[in-house]
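Asker: For reference, the structure I am asking about is given below.
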Amino acid sequence: MPVKVSVIIPVYNPGIYIEDCITSLQRQSLPPEEYEVIFVDDGSTDATPARLDALAAEDPRMKVIHQENSGWSGKPRNVGIAASRGEFVMFVDNDDYLGDEALERMYDYGVANGADVVVGKMAGKGRGVPVELFRRNHPRATVENAPLIDSLTPHKMIRRAFLDRTGLRFPEGRRRLEDHVFIAEAYLRAENVSVVSDYVCYYHIRRDDSSNAGFERFDPAGYFKNLREALDVVERYTEPGPVRDRLFRRWLRVEMVERLRARRFLNLPDDYRKELFGEIHEVVVERFGPGVAEGLQPTQQVVAALTAADRYDDVVSFAEWEAGIAPKAAPAHVEWRDGSLSIGFTAEYTSGGEPMTFPADAEAAPLNDTPKDVTEAVEWVAAETAARFGQATADLLLRERSSAAQYFQPVEFTRETVPVGDGEVRLVLRATATVDPAGLPGDGVWDAVVRVKLGGWTKECRLGPAPRATRPTPDVGLVGDRPVLPYWTEPHGNLSLQFGARGKRLGLGGVQPMDVTVSGDRFRAPLPLHVEGDSEVRLRFVSSSRILDASGTLSPAPDGRGAVLEAAMPAKDLSRDTWRVALCLTPGADRPRFTGLPFALRAADGQVLVVPVPGPGVALRLARRARRVVGTARRKVVSRIRIGGQ
C-alpha cells in the first residue's frame with residue numbers, strides 16, 4: 001500500500017525528551033502501513049543513536065539515518081525529504097509530539113482540499129504558538145485571507161510533489177530562521193494551504209532544561225542577517241504594495257518590535273540590549289517603508305518610530321511604562337443555562353494595578369512624526385486607544401492544563417465607557433461566553449483565560465480573582481455522561497473547569513438524611529447537580545455481607561435548583577443490615593466509578609429507614625467484612641466506594 005505520510009525528524013542529543021515524540025508517533029490513528037517515520041540523527045553524542053537503532057529494529061515504520069553533525073536542522077530535514085516515500089512529508093522536532101489523530105486528520109484534510117501545505121492546530125507548553133490562525137478551520141487559506149504568516153515554524157505537512165516541482169528545500173548550515181525562509185516560500189508558491197483548527201495536531205514543548213535550540217541567546221548580527229533572507233523571499237514572490245507590507249509587518253512586529261517592549265526588553269543585560277537594538281535599527285531603516293509600520297497597533301508604532309529614529313533611551317523608558325500594564329478580568333456570573341455554562345465577565349487594562357483611564361473626547365490621528373519624548377508617546381497611545389475602542393474585543397479561551405491545548409468559546413460582548421471625572425473614562429468590555437462542554441475533548445482540568453485586544457495591546461489573563469464572599473458557585477453539571485465541575489482555584493480564586501469530576505469534588509456531602517424520602521421500594525434524594533433532562537445512573541448498595549446494584553434516574557428539580565435522584569431499592573434483598581449507598585454518574589463508562597452518598601439505608605421490621613452514614617470505624621469494619629464475603633474479584637470496587645465516599 002502506498003505510504004501517505006513520511007514524518008521527518010531531525011535529531012541531536014534529545015536525551016529523554018525524544019520518548020514522548022516516539023510514543024506519539026507509534027500511537028497514530030493512521031494505519032501503520034500508511035506512514036513511515038524517518039529519524040535523521042545529526043551526529044548525536046548521547047545515547048540517542050543506539051536508542052533509535054533499537055527502535056528501528058523492532059518497529060518497521062521507523063527508519064534511522066546517521067550523519068555527521070551539520071550544525072542545524074536544515075540539512076537533516078533535506079536528507080529526510082530525499083529518503084521519504086510518502087505522498088506528504090510532515091516535519092516534527094525531536095522534543096515535540098503529535099496528537100494521536102494528527103497524521104490522519106491533516107492528510108485527509110489536505111487531500112480533500114487539494115492542499116500543498118497543511119497547517120495543524122498547535123498547543124504550546126511553555127512556548128508561544130499562533131492563536132488567531134486557529135479560530136476556525138480554513139480549507140483554502142492564503143497570506144491575504146488568513147494570518148498564515150503568524151505560523152513560520154516548520155511543523156507542517158507538505159505535499160512531496162510540490163517540493164519536487166518547486167525544488168524547495170531548507171537552507172543548510174548553522175544558521176537561524178531557516179524555517180522562516182522555507183515556510184514563507186511554501187506559503188507564497190503553494191496552490192492551496194489548508195488549516196486544521198478543530199483538533200490539536202502538534203504539541204510544541206519547552207524542555208525543562210530550556211535547551212531547545214530556539215531558547216539559546218542568539219548573536220544579533222547573525223540573526224538579523226538570516227532574517228533578511230526571509231524578507232528576500234517575500235520580495236521575490238510579491239509585488240510592492242499592501243500585501244508585501246502586511247507580510248513584512250510580521251517580522252517587524254514579532255522579531256523586532258516585540259523584542260524591544262516591556263519586561264522582555266528590560267530583563268536583558270544592558271550591553272546585549274544595546275547590541276540588539278542597534279541591529280534592529282539597521283534592518284528597520286534599510287528594509288521597511290512607511291506602509292509597514294502604519295498597520296501596527298499604536299504601542300507598536302511608537303516603538304517602531306523610536307527605533308527608526310535611533311532613540312535607544314526613549315525605547316527603554318517606553319518599555320518601563322508598558323511593563324506596568326496588564327489586563328484584568330472580573331467574573332460576573334457563572335451558571336448553567338440550557339445545557340451550557342454561561343460565564344459573564346468584565347475586562348479592562350490596568351496600569352500599576354489601577355484601572356487605566358483615557359481621554360473621553362479622543363479622536364484618531366496618524367503618527368506622522370516621531371514623538372518628541374515618551375510623555376508625548378504615551379499621550380498619543382492613550383488617545384488612539386480611546387479612539388479605536390470600537391475595535392476592542394474580548395475572548396474567552398479554555399486551556400487544558402496538562403497539554404496547553406486551547407479553544408475559543410463563543411462570546412458576546414459590549415463596549416462601555418465609564419466616566420471617572422476630569423474628562424477621563426475607563427474602557428470596559430462586558431462579555432458573556434457560552435461553554436458547551438460536549439465540544440471539549442477528554443477529561444481533565446481546563447483553565448478559563450480571557451484574551452483582551454484593546455488599542456496597542458493583546459494580552460491574556462486568568463478569569464479572576466473572585467472574592468470568596470461573592471463568587472458564584474454553580475453545581476456540578478452532568479453533560480452527556482460527563483460530570484463538569486466549575487470551581488475557583490486556591491489561593492488565587494481563578495475560574496477552572498474539571499471534566500470527569502468524581503468523589504468529593506462532586507459536592508454531594510451536603511445532602512442531609514432528613515431530605516431523603518422512602519416510599520415503598522423507592523427512595524428519592526435531592527442532589528446538588530445540574531441536569532438538563534432525565535439521566536440514567538447506577539446505584540450500588542454495600543452492606544457487611546453483600547453488594548447489590550440497581551438503576552436510577554436523575555431529573556431536574558421542580559424548583560429549578562439541583563436535581564432529584566429516584567431509584568428502586570432491591571427491597572426484597574435488603575436484610576436486617578445497614579447499607580451504604582454509592583452513585584455512578586457514568587454508567588456507560590469502561591470503568592464505572594462510584595461515589596458514596598452521605599446517607600445509609602437500614603432494613604428492619606419490614607421497612608427501610610434513612611440513617612446517617614456509619615462513622616469511620618464502623619464503615620471500615622463493614623468494608624473489611626464485605627471484602628471477605630465478596631472475594632478478591634470485587635475488592636477494588638468496595639475500597640473505591642469507601643475511599644471516594646463523602
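Chains: A, B, ... in order of the C-alpha cells. Residues: from 1 per chain. Ligands: from 1, in order shown.
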Using DSSP on the backbone coordinates, identify all residues within range 203-309 of chain A classified as helix (DSSP H, G or I); present the result as an MDAnalysis selection string.

Answerer: chainID A and resid 213:215 220:237 242:260 262:266 270:287 290:294 298:308

Asker: Pick out the residues sitting within 7 Å of Val411 in chain A, and hand them over as a PyMOL selection string; count only C-alpha atoms, and ignore anything fewer than 4 positions along from it in its own chain.

Answerer: chain A and resi 395-396+431-434

Asker: Which is closer to Leu508 in chain A than all the others in A:Leu429, A:Pro570, A:Thr595, A:Gly352, using only C-alpha atoms?

Answerer: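 Closest residue, counting only C-alpha atoms: A:Thr595.
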
Asker: Return the single residue from A:Arg401, A:Arg160, A:Arg135, A:Arg482 that is closest to Leu529 in chain A, with distances computed using only C-alpha atoms.

Answerer: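 Checking each candidate against Leu529 in chain A, we get A:Arg482 as the closest.
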
Asker: Give me the residues near range 69-72 of chain A as a count of residues only, where near means some atom within 10 Å (using only C-alpha atoms) and where sequence neighbours in that chain fewer than 6 positions away do not count.

Answerer: 16

Asker: If you run DSSP on the backbone, which residues of range 33-201 of chain A are strand (DSSP E or B), as JSON, numbers by chain?

Answerer: {"A": [35, 36, 37, 38, 39, 40, 41, 42, 62, 63, 64, 65, 66, 67, 88, 89, 90, 91, 97, 98, 117, 118, 119, 120, 121, 122, 123, 124, 125, 138, 139, 140, 141, 157, 158, 159, 193, 194, 195, 196, 197, 198, 199, 200, 201]}

Asker: What's the 12 Å shell around Ser151 in chain A, counting only C-alpha atoms, without same-chain residues fewer than 2 positions away, as a PyMOL selection string?

Answerer: chain A and resi 118-122+128-134+143+146-149+153-156+179-180+182-184+186-187+195+247+250-251+254

Asker: Can you tell me which residues surround range 579-590 of chain A at a distance of at most 9 Å, considering only C-alpha atoms, apart from same-chain residues fewer than 4 positions away, and format the answer as number ranges by chain?

Answerer: A: 478, 480-483, 502, 535-544, 547, 574, 594-603, 613-614, 619, 641, 645

Asker: I'd like the neighbourhood of Gly295 in chain A as an MDAnalysis selection string, where a residue qualifies if any of its atoms comes within 12 Å (using only C-alpha atoms), though same-chain residues fewer than 5 positions away should be ignored.

Answerer: chainID A and resid 242:250 252:253 289:290 300:302 304 366:367 456

Asker: Excluding Ala466 in chain A and any residue of its chain fewer than 4 positions from it, enumerate the residues within 8 Å of it, using only C-alpha atoms, and give them as a PyMOL selection string.

Answerer: chain A and resi 330-331+470-471+488+493-494

Asker: Work out how far CA of Val3 in chain A is from CA of Arg165 in chain A, in Å to one decimal.

Answerer: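 That distance, rounded to one decimal, is 19.2 Å.
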
Asker: Between A:Trp380, A:Trp321, A:Phe218, A:Phe170, which one has atoms that come closest to Thr350 in chain A, using only C-alpha atoms?

Answerer: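 Once distances to Thr350 in chain A are computed over only C-alpha atoms, the minimum belongs to A:Trp321.
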
Asker: Take CA of Leu177 in chain A and CA of Ser403 in chain A and report the distance between them in Å, one decimal.

Answerer: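 Separating CA of Leu177 in chain A from CA of Ser403 in chain A is a distance of 26.2 Å.
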